[in-house]
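Trainee: Mind having a look at this structure? Questions to follow.
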Amino acid sequence: MTCRCLLTLGAGWLLGGDIAAAEDKEAVAFFESRIRPALAEHCYGCHSIKEGKSKGGLRVDDREALLRGGDSGPAVVPGKPGESLLYTAMRRDDPDLEMPPRKPKLADRVIADFETWIAGGAIDPREPTDSVASAAGDLESRKQHWSYRAPEPSALPTVKANDWPISEMDHFVLAKLESQGLAPSPDADAVTLLRRLSFDLTGLPPSPEMAAGFTLDRLEGVVDEMLASDGFGVRWGRHWLDVARFAESNGKEANVTYPHAWRYRDYVIDAFNDDLPYDRFLLEQLAGDLLPADSEAQRARQLIATGFLAFGPKGLTEGNQVQFAADVADEQIDAFSRAMLASSLACARCHDHKSEPFAMTDYYALAGIFKSTETRFGTWVDSESSQGSKLVRLPSLPGQLIPNRSITKKELETLHERLAKLNAEEVAARAEAEKARAEGVDLQKSFNEMLGNALRIIWSRGPIVGQLDTVDEAGNALPLCMGVQEAEQKIDSPRYERGEISHPAETVPRGVPTIFGIDHEGVSDAEASGRLQLAQWVTDSRHPLTARVMVNRVWSHLFGAGLVATVDDFGHTGAKPSHPALLDSLAVKFQQNGWSVKALVRELVLSRTYRQASDWRGDCFEKDPDNELLWRMPKQRLDAEAIRDAMLAVSGELDRSPRPGSLVAELDRQSVGMIGFNKALPNDLDGSLHRAVYLPVLRDQLPDVLKLFDFAEPSLVTGSRDATNVPPQALYLMNSDFVRARAEGLARRISTEADTPGAQIKRAYELCFNRLPDDEETRLVNGYFEGVDATSREPRLIAFCQALLASADFRIAD
């Protein structure tokens, strides 16, 4: 104990604790003035219940959550800044752990404040915001958490304003409001409701003609038309692609392309358009290759679905095959558990889960399933990647798109000759090395030369093998996809101490964790990987998480936030549901309706709750500032795809047909790093007039519009995107070639569709906002064009159109 501590204790005893109390008061004041504001400004956006996010399993919005930390361990160790991950992440000592991510490093003063605070004991007066503080019990007691108990339907609650609800869910919402002395907002006007519906269901604005003829009498019919349109699959398929961490390149150190990933994208869009039952949708993604098929087309669909397990980011530079296999399985466990169950099963890799009922043995039972699965991602070994993999061959179907090219018989012979020559060189080099070693020759003198020759052979062989894998024996291009299949050898994984492959412990039989006491739990069949068993467990109607999680995801996209704010975390570190009885009732009904996503969406958007206006009301705000009780509909900024596609729609340039294949599939290089040198590509990777869902999704190199407007990080399961308002977005809207081209297109359209300057202005407002300009807008626009001659009018008209496209009204749904 230091002298200072002894003096403090002694003084506290003599003076009745006055000095200690004063020091605590000073520490609390320091936290409130220096630490809490910094956490709120820089960290709450990704790690708080209010924002509905706990990335990496970490929350920093209460004392217990901060001390407990996330997937990587405790965020703060009182008295030890050097051992506190929060502090080291702020300092950016580790390039893989930087906070805040993708933003400038925090000011030295702020980092110094955190060092002082942690060194002083990390005094934090904040109380736990949920039941997490009591979550550290034994594994069995943790199963009593609300989300681990099966959902049960509830009787409709009694309400006072009986004339307000028009659906079952409205009763639950109104009852909560009335319990707090609040009332719902009035209904939105018809055009506002139509725009809300159109963006939510199709990602596009309604046409002026559609808005002119819309009344509430036509509401159900319009909703059914939108649900039946191809735009529904484009919109809602993109939501799932966020969750599935879909991407067309690997990312990380070896960012090589995945030229066949687009097939999974199209599968997802088709699945939502066809209203494929959600349980079947998940079943196919985990084990589509193991399911029977009625036709070759269905067989192809199910193989493509397993791409979910194949396009995650991988450590392609890892040379240790055991480590590589462990890391691939870990990423697959994390992806399926977060996406489908909103749970972090992968957190039990190094130790029993800190807050959930998942033991290390549960994790390694799952690891055995995925290690007994062959993941086919379609890269080859070269100077950038140490890992190669085949692709999954699809059945040949009429009209099937095959982007990889056929080769001539001569080209095929040449490739085989080159491959044979390289193989012979390798055999000769090995023999020479063995002979030299046997003769006692010191190989160190020629080591660099021998290594260089070996690498030349390996790196030259990789692209040849990669090309030969895409054609048959006659050189005809094969239909291929990313996906998985059963490995020839089934493996039970050891449990690795601290998750390190160098410290194997006992072998864990592969199987499904025995957690919820439902069918399909337990050890897998000796002849099977266990993947089908896992898929059946996830989609079991008695699984407490699967239906709840999807209902909550759908709700969050329509109402701006989930009934459980942390949409990717239903565990003890996540938020409690704001309307638990409503969530359970919707989950039960979702299953009873055949797991139909369209039926669920239809029910929610036809509710009185969804119909509310978004006007701010001071009395409600005082009692419920975060609108958890749903006293109004929130105003929401459109996401990146909707902003871009709306510009194309109003300019009349949008091509609503699916883009065949993908830009990535048409590239002639494996490395994303080389794409910047391809002069045939637009600088912003957006030269297309198709929907934004068809833009290339390259990890670490996204199209500008996606990158700037908060596109989901494609390496992570993302159920809820950020919605920022930052200067680079304004600069893009002002200076982008894409936006300028859309403004020119809009100017051409209104010039064609309206004869007079006044009519052109009205038409522009109708196209962009589904309304006419008000008196003030009319005055300002007329002043802008006043005195402009015919020669100068066209550039003025283009600038006017660009101003509309860049306006807040254009990118905010009311």
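Labels for the structure tokens follow display order: chains A, B, ..., residues from 1 in each chain, ligands from 1.
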List as an MDAnalysis selection string the protein and nucleic acid residues near A:Pro78, meaning an atom at most 12 Å away when only C-alpha atoms are counted, but skip any in the same chain fewer than 3 places from it.
Mentor: chainID A and resid 63 66:68 74:75 81:87 114:124
Trainee: Distance table requested - stretch 672-719 of chain A against stretch 736-742 of chain A, cut-off 10 Å, only C-alpha atoms: one row per qualifying residue with the closest atom pair and its distance in Å to one decimal, ordered by chain and rising residue number, as CSV.
Mentor:
```
residue,atom,partner,partner_atom,distance
A:Asn683,CA,A:Asp737,CA,9.8
A:Asp684,CA,A:Phe738,CA,8.6
A:Asp686,CA,A:Phe738,CA,7.7
A:Gly687,CA,A:Phe738,CA,8.1
A:Ser688,CA,A:Phe738,CA,9.8
A:Asp704,CA,A:Ser736,CA,9.0
A:Val705,CA,A:Phe738,CA,9.1
```
Trainee: Can I get the selection written as a compact mmCIF listing (two decimals), in the first residue's frame, with N, CA, C and O atoms?
Mentor:
```txt
# COMPACT_ATOMS: atom_id res chain seq x y z
N ASN A 683 -14.52 6.02 -61.28
CA ASN A 683 -13.78 6.25 -60.04
C ASN A 683 -14.60 5.94 -58.81
O ASN A 683 -14.08 5.49 -57.79
N ASP A 684 -15.93 6.20 -58.88
CA ASP A 684 -16.76 5.96 -57.71
C ASP A 684 -17.42 4.59 -57.74
O ASP A 684 -18.30 4.28 -56.94
N ASP A 686 -19.59 3.45 -59.62
CA ASP A 686 -21.03 3.55 -59.82
C ASP A 686 -21.32 4.09 -61.21
O ASP A 686 -21.67 5.25 -61.39
N GLY A 687 -21.20 3.24 -62.20
CA GLY A 687 -21.54 3.65 -63.55
C GLY A 687 -22.82 3.02 -64.03
O GLY A 687 -23.11 3.00 -65.23
N SER A 688 -23.62 2.50 -63.09
CA SER A 688 -24.80 1.72 -63.44
C SER A 688 -26.08 2.52 -63.24
O SER A 688 -26.15 3.39 -62.38
N ASP A 704 -18.73 5.26 -53.73
CA ASP A 704 -18.76 6.46 -52.89
C ASP A 704 -20.09 6.66 -52.18
O ASP A 704 -20.13 6.98 -50.99
N VAL A 705 -21.19 6.49 -52.90
CA VAL A 705 -22.50 6.78 -52.30
C VAL A 705 -22.78 5.84 -51.14
O VAL A 705 -23.39 6.23 -50.13
```
Trainee: Which one of A:Ala730, A:Met210, A:Val601, A:Leu582 sits closest to A:Ala155 if you count only C-alpha atoms?
Mentor: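 Distance minimum relative to A:Ala155 lands on A:Leu582.
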Trainee: Report as JSON, numbers by chain all protein, DNA and RNA residues lying within 12 Å of A:Asp224, evaluated on only C-alpha atoms, omitting residues in the same chain fewer than 5 positions from it.
Mentor: {"A": [197, 198, 201, 202, 218, 219, 229, 232, 598, 599, 601, 602, 603, 605, 606]}
Trainee: Put those residues in a file: all heavy atoms, as a tab-separated table (two decimals), in the first residue's frame.
Mentor:
```tsv
chain	number	residue	atom	x	y	z
A	197	LEU	N	-44.72	4.34	-47.13
A	197	LEU	CA	-44.92	2.96	-47.57
A	197	LEU	C	-44.01	2.62	-48.75
A	197	LEU	O	-43.39	1.55	-48.79
A	197	LEU	CB	-46.38	2.75	-47.98
A	197	LEU	CG	-47.40	2.51	-46.89
A	197	LEU	CD1	-48.81	2.64	-47.45
A	197	LEU	CD2	-47.20	1.13	-46.27
A	198	SER	N	-43.95	3.52	-49.71
A	198	SER	CA	-43.19	3.23	-50.93
A	198	SER	C	-41.71	3.06	-50.64
A	198	SER	O	-41.06	2.13	-51.14
A	198	SER	CB	-43.41	4.35	-51.96
A	198	SER	OG	-42.88	4.00	-53.21
A	201	LEU	N	-41.26	-0.26	-48.42
A	201	LEU	CA	-41.55	-1.54	-49.05
A	201	LEU	C	-40.77	-1.76	-50.34
A	201	LEU	O	-40.46	-2.91	-50.70
A	201	LEU	CB	-43.05	-1.68	-49.33
A	201	LEU	CG	-43.87	-2.34	-48.20
A	201	LEU	CD1	-43.69	-1.60	-46.89
A	201	LEU	CD2	-45.34	-2.43	-48.57
A	202	THR	N	-40.44	-0.69	-51.06
A	202	THR	CA	-39.75	-0.86	-52.34
A	202	THR	C	-38.45	-0.09	-52.44
A	202	THR	O	-37.67	-0.31	-53.37
A	202	THR	CB	-40.64	-0.43	-53.51
A	202	THR	OG1	-40.78	1.00	-53.53
A	202	THR	CG2	-42.03	-1.06	-53.43
A	218	ARG	N	-57.78	3.03	-50.74
A	218	ARG	CA	-56.96	2.17	-51.60
A	218	ARG	C	-55.74	1.61	-50.87
A	218	ARG	O	-54.89	0.98	-51.48
A	218	ARG	CB	-56.49	2.96	-52.83
A	218	ARG	CG	-57.61	3.41	-53.76
A	218	ARG	CD	-57.02	3.87	-55.09
A	218	ARG	NE	-56.27	2.80	-55.72
A	218	ARG	CZ	-54.99	2.90	-56.11
A	218	ARG	NH1	-54.32	4.02	-55.91
A	218	ARG	NH2	-54.38	1.88	-56.71
A	219	LEU	N	-55.66	1.85	-49.57
A	219	LEU	CA	-54.44	1.52	-48.83
A	219	LEU	C	-54.08	0.03	-48.95
A	219	LEU	O	-52.96	-0.31	-49.30
A	219	LEU	CB	-54.60	1.90	-47.35
A	219	LEU	CG	-53.41	1.56	-46.44
A	219	LEU	CD1	-52.14	2.26	-46.91
A	219	LEU	CD2	-53.71	1.94	-44.99
A	229	SER	N	-44.53	-6.48	-55.97
A	229	SER	CA	-43.59	-5.92	-56.94
A	229	SER	C	-42.19	-6.47	-56.74
A	229	SER	O	-41.81	-6.91	-55.65
A	229	SER	CB	-43.57	-4.39	-56.82
A	229	SER	OG	-42.90	-3.99	-55.62
A	232	PHE	N	-39.93	-5.08	-53.88
A	232	PHE	CA	-39.96	-5.55	-52.49
A	232	PHE	C	-38.75	-6.42	-52.21
A	232	PHE	O	-38.06	-6.26	-51.20
A	232	PHE	CB	-41.24	-6.33	-52.21
A	232	PHE	CG	-41.32	-6.87	-50.81
A	232	PHE	CD1	-41.69	-6.04	-49.77
A	232	PHE	CD2	-40.98	-8.19	-50.53
A	232	PHE	CE1	-41.74	-6.53	-48.45
A	232	PHE	CE2	-41.03	-8.68	-49.24
A	232	PHE	CZ	-41.41	-7.84	-48.19
A	598	LYS	N	-43.78	-11.50	-45.87
A	598	LYS	CA	-44.73	-10.56	-46.47
A	598	LYS	C	-45.97	-10.39	-45.60
A	598	LYS	O	-46.48	-9.26	-45.46
A	598	LYS	CB	-45.11	-11.03	-47.87
A	598	LYS	CG	-44.04	-10.80	-48.92
A	598	LYS	CD	-44.54	-11.06	-50.32
A	598	LYS	CE	-43.47	-10.74	-51.37
A	598	LYS	NZ	-43.95	-10.95	-52.75
A	599	ALA	N	-46.47	-11.47	-45.03
A	599	ALA	CA	-47.65	-11.36	-44.16
A	599	ALA	C	-47.33	-10.52	-42.93
A	599	ALA	O	-48.16	-9.72	-42.48
A	599	ALA	CB	-48.13	-12.75	-43.76
A	601	VAL	N	-44.94	-8.12	-42.68
A	601	VAL	CA	-44.80	-6.73	-43.11
A	601	VAL	C	-46.18	-6.12	-43.36
A	601	VAL	O	-46.46	-4.98	-42.96
A	601	VAL	CB	-43.93	-6.64	-44.37
A	601	VAL	CG1	-43.97	-5.23	-44.96
A	601	VAL	CG2	-42.49	-7.03	-44.06
A	602	ARG	N	-47.05	-6.86	-44.01
A	602	ARG	CA	-48.39	-6.36	-44.32
A	602	ARG	C	-49.15	-6.00	-43.05
A	602	ARG	O	-49.79	-4.95	-42.96
A	602	ARG	CB	-49.17	-7.42	-45.11
A	602	ARG	CG	-50.52	-6.93	-45.65
A	602	ARG	CD	-51.22	-8.03	-46.43
A	602	ARG	NE	-52.34	-7.52	-47.18
A	602	ARG	CZ	-53.56	-7.32	-46.69
A	602	ARG	NH1	-53.80	-7.60	-45.41
A	602	ARG	NH2	-54.53	-6.83	-47.45
A	603	GLU	N	-49.08	-6.87	-42.06
A	603	GLU	CA	-49.78	-6.60	-40.81
A	603	GLU	C	-49.26	-5.33	-40.14
A	603	GLU	O	-50.04	-4.51	-39.64
A	603	GLU	CB	-49.64	-7.78	-39.85
A	603	GLU	CG	-50.31	-7.55	-38.51
A	603	GLU	CD	-50.20	-8.74	-37.57
A	603	GLU	OE1	-49.55	-9.75	-37.94
A	603	GLU	OE2	-50.76	-8.66	-36.46
A	605	VAL	N	-47.61	-2.65	-41.51
A	605	VAL	CA	-47.82	-1.38	-42.21
A	605	VAL	C	-49.29	-1.01	-42.32
A	605	VAL	O	-49.62	0.15	-42.59
A	605	VAL	CB	-47.18	-1.40	-43.61
A	605	VAL	CG1	-45.69	-1.63	-43.51
A	605	VAL	CG2	-47.84	-2.42	-44.53
A	606	LEU	N	-50.19	-1.96	-42.11
A	606	LEU	CA	-51.62	-1.64	-42.13
A	606	LEU	C	-52.16	-1.31	-40.74
A	606	LEU	O	-53.36	-1.11	-40.56
A	606	LEU	CB	-52.42	-2.82	-42.72
A	606	LEU	CG	-52.23	-3.05	-44.23
A	606	LEU	CD1	-53.01	-4.28	-44.68
A	606	LEU	CD2	-52.69	-1.83	-45.03
```
Trainee: Need to verify the contact set: A:Leu654, 9 Å, only C-alpha atoms, exclusion of same-chain residues closer than 4 positions in sequence. Can you return it as a list in words?
Mentor: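 Final neighbour list, sorted by chain and number: Asp645, Ala646, Met647, Leu648, Ala649, Val650, Leu689, His690 and Arg691 of chain A.
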Trainee: Those residues you just picked out, can you put them in a file as a PDB file, in the first residue's frame with N, CA, C and O atoms?
Mentor:
```
ATOM      1  N   ASP A 645     -31.152   5.485 -55.567  1.00  0.00           N
ATOM      2  CA  ASP A 645     -32.177   4.979 -56.476  1.00  0.00           C
ATOM      3  C   ASP A 645     -33.296   5.990 -56.688  1.00  0.00           C
ATOM      4  O   ASP A 645     -33.880   6.061 -57.775  1.00  0.00           O
ATOM      5  N   ALA A 646     -33.596   6.785 -55.652  1.00  0.00           N
ATOM      6  CA  ALA A 646     -34.618   7.816 -55.801  1.00  0.00           C
ATOM      7  C   ALA A 646     -34.177   8.870 -56.811  1.00  0.00           C
ATOM      8  O   ALA A 646     -34.991   9.387 -57.586  1.00  0.00           O
ATOM      9  N   MET A 647     -32.894   9.207 -56.821  1.00  0.00           N
ATOM     10  CA  MET A 647     -32.392  10.162 -57.815  1.00  0.00           C
ATOM     11  C   MET A 647     -32.590   9.622 -59.227  1.00  0.00           C
ATOM     12  O   MET A 647     -33.019  10.346 -60.133  1.00  0.00           O
ATOM     13  N   LEU A 648     -32.273   8.353 -59.421  1.00  0.00           N
ATOM     14  CA  LEU A 648     -32.469   7.740 -60.736  1.00  0.00           C
ATOM     15  C   LEU A 648     -33.949   7.671 -61.097  1.00  0.00           C
ATOM     16  O   LEU A 648     -34.324   7.863 -62.262  1.00  0.00           O
ATOM     17  N   ALA A 649     -34.794   7.413 -60.109  1.00  0.00           N
ATOM     18  CA  ALA A 649     -36.226   7.285 -60.375  1.00  0.00           C
ATOM     19  C   ALA A 649     -36.820   8.616 -60.815  1.00  0.00           C
ATOM     20  O   ALA A 649     -37.562   8.688 -61.809  1.00  0.00           O
ATOM     21  N   VAL A 650     -36.508   9.701 -60.087  1.00  0.00           N
ATOM     22  CA  VAL A 650     -37.133  10.982 -60.415  1.00  0.00           C
ATOM     23  C   VAL A 650     -36.552  11.570 -61.700  1.00  0.00           C
ATOM     24  O   VAL A 650     -37.215  12.339 -62.396  1.00  0.00           O
ATOM     25  N   LEU A 689     -27.107   2.197 -64.027  1.00  0.00           N
ATOM     26  CA  LEU A 689     -28.436   2.787 -63.850  1.00  0.00           C
ATOM     27  C   LEU A 689     -29.399   1.786 -63.215  1.00  0.00           C
ATOM     28  O   LEU A 689     -30.588   2.063 -63.069  1.00  0.00           O
ATOM     29  N   HIS A 690     -28.895   0.609 -62.844  1.00  0.00           N
ATOM     30  CA  HIS A 690     -29.704  -0.382 -62.134  1.00  0.00           C
ATOM     31  C   HIS A 690     -29.819   0.005 -60.657  1.00  0.00           C
ATOM     32  O   HIS A 690     -29.162   0.939 -60.186  1.00  0.00           O
ATOM     33  N   ARG A 691     -30.620  -0.743 -59.912  1.00  0.00           N
ATOM     34  CA  ARG A 691     -30.787  -0.489 -58.485  1.00  0.00           C
ATOM     35  C   ARG A 691     -29.451  -0.633 -57.765  1.00  0.00           C
ATOM     36  O   ARG A 691     -28.560  -1.391 -58.166  1.00  0.00           O
TER      37      ARG A 691
END
```
Trainee: Within stretch 483-576 of chain A, find each residue whose DSSP state, derived from the backbone, is strand (DSSP E), and express the selection as number ranges by chain.
Mentor: A: 483-486, 494-496, 504-507, 511-512, 522-523
Trainee: Please produce an output containing C-alpha atoms for each residue in the selection, written as a PDB file, in the first residue's frame.
Mentor:
```
ATOM      1  CA  GLY A 483     -20.925 -22.441 -50.871  1.00  0.00           C
ATOM      2  CA  VAL A 484     -20.230 -25.435 -48.675  1.00  0.00           C
ATOM      3  CA  GLN A 485     -20.464 -29.194 -48.812  1.00  0.00           C
ATOM      4  CA  GLU A 486     -19.752 -32.107 -46.508  1.00  0.00           C
ATOM      5  CA  PRO A 494     -10.339 -30.264 -29.458  1.00  0.00           C
ATOM      6  CA  ARG A 495     -11.193 -27.616 -26.926  1.00  0.00           C
ATOM      7  CA  TYR A 496      -8.360 -25.123 -27.165  1.00  0.00           C
ATOM      8  CA  PRO A 504      -5.395 -28.415 -27.214  1.00  0.00           C
ATOM      9  CA  ALA A 505      -7.338 -30.010 -24.361  1.00  0.00           C
ATOM     10  CA  GLU A 506      -9.990 -32.738 -24.501  1.00  0.00           C
ATOM     11  CA  THR A 507     -11.808 -33.543 -27.748  1.00  0.00           C
ATOM     12  CA  GLY A 511     -23.096 -31.507 -32.184  1.00  0.00           C
ATOM     13  CA  VAL A 512     -25.731 -28.913 -31.283  1.00  0.00           C
ATOM     14  CA  GLY A 522     -27.014 -33.269 -28.796  1.00  0.00           C
ATOM     15  CA  VAL A 523     -24.194 -35.152 -30.486  1.00  0.00           C
TER      16      VAL A 523
END
```
Trainee: Write down as a PyMOL selection string the residues belonging to stretch 374-487 of chain A that are assigned helix (DSSP H, G or I) by DSSP computed on the backbone.
Mentor: chain A and resi 409-438+443-468
Trainee: Tell me, counting only C-alpha atoms, for each residue of stretch 498-612 of chain A within 10 Å of stretch 136-150 of chain A, which pair of atoms is nearest and how far apart they are in Å to one decimal, in rows ordered by chain and increasing number, as JSON lines.
Mentor:
```
{"residue": "A:Ile515", "atom": "CA", "partner": "A:Lys143", "partner_atom": "CA", "distance": 7.7}
{"residue": "A:Phe516", "atom": "CA", "partner": "A:Tyr148", "partner_atom": "CA", "distance": 7.3}
{"residue": "A:Ser541", "atom": "CA", "partner": "A:Ala150", "partner_atom": "CA", "distance": 9.4}
{"residue": "A:Arg542", "atom": "CA", "partner": "A:Ala150", "partner_atom": "CA", "distance": 6.5}
{"residue": "A:His543", "atom": "CA", "partner": "A:Ala150", "partner_atom": "CA", "distance": 6.7}
{"residue": "A:Pro544", "atom": "CA", "partner": "A:Ala150", "partner_atom": "CA", "distance": 4.3}
{"residue": "A:Leu545", "atom": "CA", "partner": "A:Ser147", "partner_atom": "CA", "distance": 6.4}
{"residue": "A:Arg548", "atom": "CA", "partner": "A:Ser147", "partner_atom": "CA", "distance": 8.3}
{"residue": "A:Val549", "atom": "CA", "partner": "A:Ser147", "partner_atom": "CA", "distance": 9.4}
{"residue": "A:Phe570", "atom": "CA", "partner": "A:Ser147", "partner_atom": "CA", "distance": 6.4}
{"residue": "A:Gly571", "atom": "CA", "partner": "A:Ser147", "partner_atom": "CA", "distance": 7.1}
{"residue": "A:His572", "atom": "CA", "partner": "A:His145", "partner_atom": "CA", "distance": 7.2}
{"residue": "A:Lys576", "atom": "CA", "partner": "A:Trp146", "partner_atom": "CA", "distance": 8.3}
{"residue": "A:Pro577", "atom": "CA", "partner": "A:Trp146", "partner_atom": "CA", "distance": 9.2}
{"residue": "A:Pro580", "atom": "CA", "partner": "A:Trp146", "partner_atom": "CA", "distance": 8.9}
{"residue": "A:Asp584", "atom": "CA", "partner": "A:Ala150", "partner_atom": "CA", "distance": 8.6}
{"residue": "A:Ala587", "atom": "CA", "partner": "A:Ala150", "partner_atom": "CA", "distance": 9.9}
{"residue": "A:Val588", "atom": "CA", "partner": "A:Ala150", "partner_atom": "CA", "distance": 9.5}
```
Trainee: Would you mind reading off the distance between atom CA of A:Gly251 and atom CA of A:Ser671, one decimal, in Å?
Mentor: 10.1 Å
Trainee: As a compact mmCIF listing (two decimals) with C-alpha atoms, in the first residue's frame, please: the residues near stretch 713-727 of chain A (cut-off 7 Å, only C-alpha atoms, same-chain neighbours under 5 positions excluded).
Mentor:
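Result file part_18.txt:
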```txt
# COMPACT_ATOMS: atom_id res chain seq x y z
CA ASP A 242 -26.56 -6.46 -44.29
CA VAL A 243 -27.23 -9.17 -41.73
CA ALA A 244 -25.47 -11.82 -43.84
CA ARG A 245 -22.32 -9.60 -44.13
CA PHE A 246 -22.51 -10.10 -47.89
CA ALA A 247 -19.48 -8.97 -49.87
CA GLY A 312 -17.14 -14.14 -44.80
CA PRO A 313 -13.73 -12.44 -44.36
CA ALA A 335 -22.12 -15.13 -38.41
CA ARG A 338 -25.60 -13.31 -34.60
CA ALA A 339 -27.58 -13.21 -37.85
CA ARG A 553 -35.56 -7.04 -37.44
CA VAL A 567 -31.34 -5.94 -32.82
CA ASP A 568 -28.19 -8.10 -33.02
CA ARG A 637 -33.09 9.61 -43.23
CA ARG A 699 -14.68 -4.83 -48.63
```
Trainee: Give me, as a VMD selection string, all polymer residues having an atom no more than 6 Å from A:Gly475, counting only C-alpha atoms and skipping those fewer than 3 positions away in the same chain.
Mentor: chain A and resid 406 to 407 471 to 472
Trainee: Could you check which of A:Gln444, A:Phe559, A:Met450, A:Leu204 is closest to A:Ala428, using only C-alpha atoms?
Mentor: A:Met450
Trainee: When you look at stretch 661-669 of chain A with a cut-off of 10 Å (counting only C-alpha atoms), what residues show up, excluding the ones that are within fewer than 2 positions of it in the same chain? I need them as a PyMOL selection string.
Mentor: chain A and resi 248-249+256-263+265-266+401-405+463+658-659+671-675+678+680-681+685-688+694-698
Trainee: With only C-alpha atoms as the basis for distance, which of A:Leu733, A:Glu439, A:Lys390, A:Lys762 is at the shortest distance from A:Ser807?
Mentor: A:Leu733
Trainee: Quote the spacing between atom CA of A:Asp217 and atom CA of A:Gly233 in Å to one decimal place.
Mentor: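 Between these atoms lies a distance of 25.5 Å.
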